[in-house]
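File shown: input.txt (compact mmCIF, C-alpha atoms and all ligand atoms).
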# COMPACT_ATOMS: atom_id res chain seq x y z
CA MET A 1 -7.45 37.98 52.43
CA ARG A 2 -10.60 37.04 54.31
CA TYR A 3 -12.58 37.04 51.10
CA PHE A 4 -9.96 34.99 49.41
CA LEU A 5 -10.16 32.31 52.09
CA LEU A 6 -13.95 32.33 51.88
CA ILE A 7 -13.99 32.02 48.11
CA PHE A 8 -11.26 29.41 48.21
CA GLY A 9 -13.20 27.39 50.80
CA LEU A 10 -16.36 27.58 48.68
CA ALA A 11 -14.41 26.57 45.57
CA VAL A 12 -13.02 23.52 47.37
CA VAL A 13 -16.51 22.49 48.49
CA LEU A 14 -17.86 23.03 44.99
CA VAL A 15 -15.11 21.01 43.30
CA ALA A 16 -15.46 18.21 45.85
CA ALA A 17 -19.24 18.19 45.38
CA ILE A 18 -19.04 17.98 41.60
CA ALA A 19 -15.96 15.85 41.04
CA GLY A 20 -15.68 13.82 44.24
CA LYS A 21 -17.32 10.49 45.12
CA ARG A 22 -18.22 9.50 41.61
CA GLY A 23 -18.01 5.80 42.33
CA ASP A 24 -21.37 5.41 44.11
CA MET A 25 -24.23 3.51 42.60
CA THR A 26 -27.37 5.57 42.16
CA ARG A 27 -30.75 5.05 40.62
CA ARG A 28 -31.05 8.66 39.62
CA THR A 29 -30.36 9.69 36.05
CA PRO A 30 -26.80 10.97 35.86
CA ILE A 31 -26.02 14.40 34.52
CA GLU A 32 -24.76 14.03 30.98
CA VAL A 33 -22.42 16.82 30.06
CA PHE A 34 -21.79 15.55 26.53
CA PRO A 35 -24.78 13.30 25.81
CA ASP A 36 -23.65 12.69 22.24
CA MET A 37 -20.73 10.70 23.60
CA ASP A 38 -23.01 8.44 25.64
CA ARG A 39 -25.77 8.13 23.12
CA GLN A 40 -24.49 7.64 19.62
CA LEU A 41 -26.23 6.63 16.47
CA LYS A 42 -24.25 3.53 15.65
CA LEU A 43 -24.51 -0.07 14.68
CA ARG A 44 -23.29 -2.67 17.13
CA PRO A 45 -21.99 -5.74 15.33
CA ILE A 46 -24.15 -8.87 15.55
CA GLU A 47 -26.94 -6.95 17.33
CA PRO A 48 -30.36 -6.26 15.91
CA ASN A 49 -30.84 -2.83 14.44
CA GLY A 50 -33.76 -1.23 12.68
CA PHE A 51 -31.69 0.76 10.22
CA PHE A 52 -31.58 -1.85 7.49
CA GLU A 53 -34.68 -3.56 6.16
CA ASN A 54 -33.53 -6.99 7.28
CA GLY A 55 -33.05 -5.75 10.86
CA ARG A 56 -29.39 -6.81 11.04
CA SER A 57 -26.47 -4.54 11.84
CA SER A 58 -23.89 -6.72 10.10
CA GLN A 59 -24.87 -7.11 6.49
CA PRO A 60 -23.91 -10.09 4.34
CA HIS A 61 -21.27 -9.53 1.65
CA ILE A 62 -22.58 -7.99 -1.51
CA ALA A 63 -21.99 -10.24 -4.49
CA GLY A 64 -18.93 -9.20 -6.50
CA THR A 65 -17.15 -7.32 -3.68
CA ILE A 66 -13.46 -8.07 -3.24
CA ALA A 67 -11.93 -9.01 0.11
CA ARG A 68 -9.29 -6.58 1.36
CA SER A 69 -6.71 -9.27 1.69
CA THR A 70 -6.52 -12.15 -0.71
CA ALA A 71 -3.49 -14.33 -1.26
CA ILE A 72 -0.98 -13.17 -3.86
CA ARG A 73 0.05 -15.90 -6.30
CA THR A 74 3.83 -16.10 -6.62
CA ALA A 75 6.14 -18.54 -8.36
CA ALA A 76 6.72 -20.21 -4.96
CA GLY A 77 3.05 -20.42 -3.92
CA ALA A 78 0.43 -18.21 -2.30
CA VAL A 79 1.50 -15.40 0.04
CA MET A 80 -0.76 -13.17 2.12
CA PRO A 81 -0.20 -9.40 1.84
CA TYR A 82 0.79 -9.10 5.51
CA GLU A 83 3.55 -11.73 5.44
CA ASP A 84 7.24 -10.88 5.68
CA SER A 85 7.94 -12.15 2.21
CA PRO A 86 9.99 -10.80 -0.72
CA VAL A 87 6.76 -10.34 -2.67
CA ASN A 88 5.51 -7.75 -0.21
CA THR A 89 8.75 -6.03 0.73
CA GLY A 90 11.35 -6.64 -1.98
CA TYR A 91 13.63 -7.97 0.80
CA ARG A 92 14.70 -11.50 1.56
CA ALA A 93 12.57 -12.54 4.59
CA GLY A 94 14.03 -11.36 7.90
CA THR A 95 16.82 -9.32 6.26
CA THR A 96 17.30 -5.94 4.62
CA ASN A 97 18.92 -7.48 1.52
CA PHE A 98 17.01 -7.07 -1.70
CA VAL A 99 15.86 -10.18 -3.53
CA GLU A 100 17.70 -10.74 -6.76
CA LEU A 101 14.78 -12.06 -8.79
CA ASN A 102 11.17 -11.14 -9.30
CA PRO A 103 9.19 -13.72 -7.25
CA MET A 104 6.10 -13.63 -9.45
CA VAL A 105 5.07 -15.97 -12.23
CA ILE A 106 6.04 -14.03 -15.34
CA SER A 107 3.92 -14.56 -18.42
CA ALA A 108 3.15 -12.72 -21.64
CA GLU A 109 -0.02 -11.56 -19.93
CA SER A 110 1.79 -10.09 -16.91
CA MET A 111 4.28 -8.37 -19.21
CA LYS A 112 1.38 -6.76 -21.10
CA ARG A 113 -0.07 -5.66 -17.78
CA GLY A 114 3.33 -4.27 -16.77
CA GLN A 115 3.59 -2.35 -20.02
CA GLN A 116 0.18 -0.85 -19.50
CA ARG A 117 0.88 0.05 -15.83
CA TYR A 118 4.29 1.46 -16.76
CA THR A 119 2.70 3.64 -19.43
CA ILE A 120 0.15 4.96 -16.95
CA ASN A 121 2.33 5.42 -13.88
CA CYS A 122 5.92 5.85 -14.98
CA SER A 123 6.09 7.10 -18.56
CA PRO A 124 4.93 10.67 -17.76
CA CYS A 125 8.31 11.17 -16.07
CA HIS A 126 10.64 8.38 -17.23
CA GLY A 127 9.34 8.35 -20.79
CA GLN A 128 7.90 5.50 -22.84
CA LEU A 129 11.44 4.22 -23.45
CA GLY A 130 12.58 4.61 -19.86
CA ASP A 131 15.28 7.09 -20.80
CA GLY A 132 13.98 9.85 -18.53
CA ASN A 133 12.47 11.94 -21.32
CA GLY A 134 8.85 12.01 -20.25
CA ILE A 135 6.41 14.82 -20.83
CA THR A 136 7.21 16.30 -17.41
CA LYS A 137 10.66 17.26 -18.66
CA LYS A 138 9.02 19.88 -20.85
CA TYR A 139 7.50 21.38 -17.73
CA GLY A 140 10.76 21.69 -15.85
CA MET A 141 11.28 18.35 -14.12
CA ALA A 142 14.89 17.99 -15.16
CA VAL A 143 16.31 15.37 -12.81
CA VAL A 144 14.26 12.28 -13.71
CA ALA A 145 16.43 9.18 -13.68
CA ASN A 146 17.37 7.44 -16.92
CA LEU A 147 16.32 3.84 -16.23
CA HIS A 148 19.02 2.57 -18.61
CA ASP A 149 21.78 3.84 -16.32
CA LYS A 150 24.21 1.03 -15.60
CA ARG A 151 23.59 1.44 -11.87
CA ILE A 152 19.84 0.93 -12.32
CA VAL A 153 20.25 -1.94 -14.80
CA GLN A 154 22.41 -3.69 -12.20
CA MET A 155 19.95 -3.21 -9.33
CA PRO A 156 18.36 -6.37 -7.98
CA ASP A 157 14.67 -6.77 -8.87
CA GLY A 158 13.81 -6.29 -5.19
CA GLU A 159 15.40 -2.84 -5.18
CA LEU A 160 13.38 -1.74 -8.21
CA PHE A 161 10.28 -2.97 -6.42
CA HIS A 162 11.34 -1.04 -3.34
CA VAL A 163 11.89 2.19 -5.30
CA ILE A 164 8.48 1.84 -6.97
CA SER A 165 6.82 1.13 -3.61
CA GLN A 166 8.53 3.59 -1.28
CA GLY A 167 10.07 6.07 -3.70
CA ARG A 168 13.62 7.35 -3.48
CA ASN A 169 15.09 10.85 -3.13
CA LEU A 170 12.87 13.10 -5.25
CA MET A 171 10.60 10.33 -6.50
CA GLN A 172 7.52 9.49 -4.50
CA GLY A 173 6.38 5.93 -3.78
CA TYR A 174 3.57 4.32 -5.72
CA ALA A 175 2.43 1.77 -3.12
CA ALA A 176 -0.82 3.66 -2.58
CA GLN A 177 -1.78 3.74 -6.26
CA VAL A 178 -0.27 0.55 -7.70
CA ASP A 179 -0.90 -2.81 -6.04
CA VAL A 180 1.79 -5.40 -5.31
CA GLU A 181 1.16 -7.59 -8.38
CA ASP A 182 1.19 -4.57 -10.68
CA ARG A 183 4.42 -3.24 -9.14
CA TRP A 184 6.15 -6.54 -9.90
CA ALA A 185 4.63 -6.52 -13.39
CA ILE A 186 6.18 -3.07 -13.87
CA VAL A 187 9.54 -4.48 -12.70
CA SER A 188 9.33 -7.21 -15.38
CA TYR A 189 8.42 -4.72 -18.06
CA LEU A 190 11.23 -2.40 -16.97
CA ARG A 191 13.64 -5.33 -17.37
CA ALA A 192 12.29 -5.88 -20.88
CA LEU A 193 12.86 -2.20 -21.70
CA GLN A 194 16.43 -2.41 -20.43
CA LEU A 195 17.10 -5.64 -22.28
CA ALA A 196 15.73 -4.15 -25.48
CA ARG A 197 18.28 -1.36 -25.27
CA LEU A 198 21.17 -3.66 -24.39
CA GLY A 199 20.33 -6.26 -26.99
CA SER A 200 22.33 -6.84 -30.16
CA VAL A 201 21.58 -8.45 -33.50
CA ASP A 202 22.85 -11.74 -32.05
CA ASP A 203 19.83 -11.89 -29.72
CA VAL A 204 17.48 -12.02 -32.71
CA PRO A 205 16.84 -15.50 -34.16
CA GLU A 206 18.66 -15.97 -37.52
CA ALA A 207 15.45 -16.38 -39.46
CA GLN A 208 14.06 -13.03 -38.33
CA ARG A 209 17.17 -10.88 -38.77
CA ALA A 210 16.31 -9.99 -42.31
CA ALA A 211 13.12 -8.31 -41.09
CA LEU A 212 15.13 -5.93 -38.92
CA THR A 213 16.91 -4.22 -41.77
CA LYS A 214 13.76 -3.58 -43.77
C1 LIG B 301 6.46 12.31 -11.09
C2 LIG B 301 7.60 11.82 -11.82
C3 LIG B 301 7.96 10.36 -11.66
C4 LIG B 301 7.18 9.25 -11.87
C5 LIG B 301 5.72 9.23 -12.30
C6 LIG B 301 8.01 8.11 -11.63
N1 LIG B 301 9.28 8.50 -11.30
FE1 LIG B 301 10.88 7.29 -10.99
N2 LIG B 301 12.02 8.88 -10.61
C7 LIG B 301 11.61 10.21 -10.68
C8 LIG B 301 12.71 11.08 -10.32
C9 LIG B 301 12.65 12.60 -10.27
C10 LIG B 301 13.80 10.23 -10.00
C11 LIG B 301 15.17 10.65 -9.54
C12 LIG B 301 15.10 10.74 -8.04
C13 LIG B 301 16.37 11.26 -7.44
O1 LIG B 301 17.43 10.63 -7.60
O2 LIG B 301 16.27 12.29 -6.78
C14 LIG B 301 13.33 8.87 -10.20
C15 LIG B 301 14.12 7.74 -9.99
C16 LIG B 301 13.72 6.46 -10.29
C17 LIG B 301 14.59 5.29 -10.19
C18 LIG B 301 16.05 5.30 -9.79
C19 LIG B 301 16.22 5.30 -8.30
C20 LIG B 301 17.67 5.46 -7.93
O3 LIG B 301 18.16 4.66 -7.13
O4 LIG B 301 18.32 6.38 -8.45
C21 LIG B 301 13.84 4.22 -10.59
C22 LIG B 301 14.29 2.78 -10.67
C23 LIG B 301 12.52 4.71 -10.90
N3 LIG B 301 12.48 6.08 -10.72
C24 LIG B 301 11.49 3.92 -11.36
C25 LIG B 301 10.19 4.38 -11.56
C26 LIG B 301 9.09 3.53 -11.94
C27 LIG B 301 9.19 2.05 -12.24
C28 LIG B 301 7.99 4.33 -12.01
C29 LIG B 301 6.56 3.92 -12.29
C30 LIG B 301 5.93 3.14 -11.27
C31 LIG B 301 8.40 5.69 -11.71
N4 LIG B 301 9.74 5.68 -11.44
C32 LIG B 301 7.56 6.81 -11.73
C33 LIG B 301 10.37 10.65 -11.06
C34 LIG B 301 9.29 9.86 -11.31
Please render this file's structure as structure tokens.
Ligand code: HEC
Amino acid sequence: MRYFLLIFGLAVVLVAAIAGKRGDMTRRTPIEVFPDMDRQLKLRPIEPNGFFENGRSSQPHIAGTIARSTAIRTAAGAVMPYEDSPVNTGYRAGTTNFVELNPMVISAESMKRGQQRYTINCSPCHGQLGDGNGITKKYGMAVVANLHDKRIVQMPDGELFHVISQGRNLMQGYAAQVDVEDRWAIVSYLRALQLARLGSVDDVPEAQRAALTK
């Protein structure tokens, strides 16, 4: 017991000596336990630095680089990627209701882009026709949705966008691989695929009907 008290007393003195009274100013060099935390090789913004030839830490933009956030052009004007807008979320602003219509400007060019992006990102599973017969079926992925299901045809555009972005059930989201404009382009192309299947001879202009039967 006597030794315990002695050792305990010494321990208290030691702890107080090392940890206590750290607030005093001193001109002596402090003990640095982890010097790499205090002294790091790093660039401080807007301060001179010898690392680059021009002596600056913040380098000017390199020609041709793309800013991380540029405005997205929609049918209703420009929208930034961080805004609560249907373009970014698929929802009507401030609600959790899906937007009915694709907010982008839809052109022949964007449809082509959608076709190309669909072929790359969706057709391996959903098939080139959207009927769920992609190559992955051969390898055992049996539950891929048929995109011509009535339920999916009737989904608002915003919901399709949401499924592509966040995924649903067994399908993963594609927000990380496919950017916002391309996801909407895929939605337009998917609509074209669905329309193509639902269409009838009456949708074809009279003059071109003859070509169909050839
Ligand atoms: C790796 C395979 C795979 C890829 C690639 C894929 N999907 Fe899917 N998708 C699935 C599976 C599996 C389901 C069914 C999910 C479930 O219900 O469990 C599904 C379901 C869906 C649904 C229906 C969701 C619902 O409410 O039932 C839509 C719409 C859809 N996918 C669209 C797309 C689009 C558009 C792309 C391309 C960007 C895409 N998918 C890429 C596997 C895939």
* To do: Name each residue within 10 Å of ligand LIG 301 (chain B), counting all atoms listed in the file, as a PyMOL selection string.
  => chain A and resi 114+117-127+130+132+134-137+141-149+151-153+155+157+159-165+167-175+177-178+182-190
Using only C-alpha atoms, the residue out of A:Gln166, A:Ser110, A:Asn54, A:Asn133 with shortest distance to Gly90 in chain A is A:Gln166
Excluding same-chain residues fewer than 3 positions from range 75-88 of chain A, what lies within 10 Å of it counting only C-alpha atoms, as number ranges by chain? A: 68-72, 91-95, 97-106, 158, 161-162, 165, 179-181, 183-184
Item to complete: Provide the CA of Gln128 in chain A to CA of Leu193 in chain A distance in Å, to one decimal place.
Response: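 Those two atoms sit 9.2 Å apart.
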Centre and edge lengths of an axis-aligned box around all listed atoms of range 118-131 of chain A, with 6 Å added on each side, are to be given in Å to one decimal, as JSON.
{"center_x": 7.7, "center_y": 6.3, "center_z": -18.7, "size_x": 27.1, "size_y": 21.7, "size_z": 21.6}
The distance between CA of Lys42 in chain A and CA of Ser57 in chain A is 9.2 Å
For this session: One decimal, Å: what's the distance from CA of Thr65 in chain A over to CA of Thr89 in chain A, could you say?
Result: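 We find that CA of Thr65 in chain A and CA of Thr89 in chain A lie 26.3 Å from each other.
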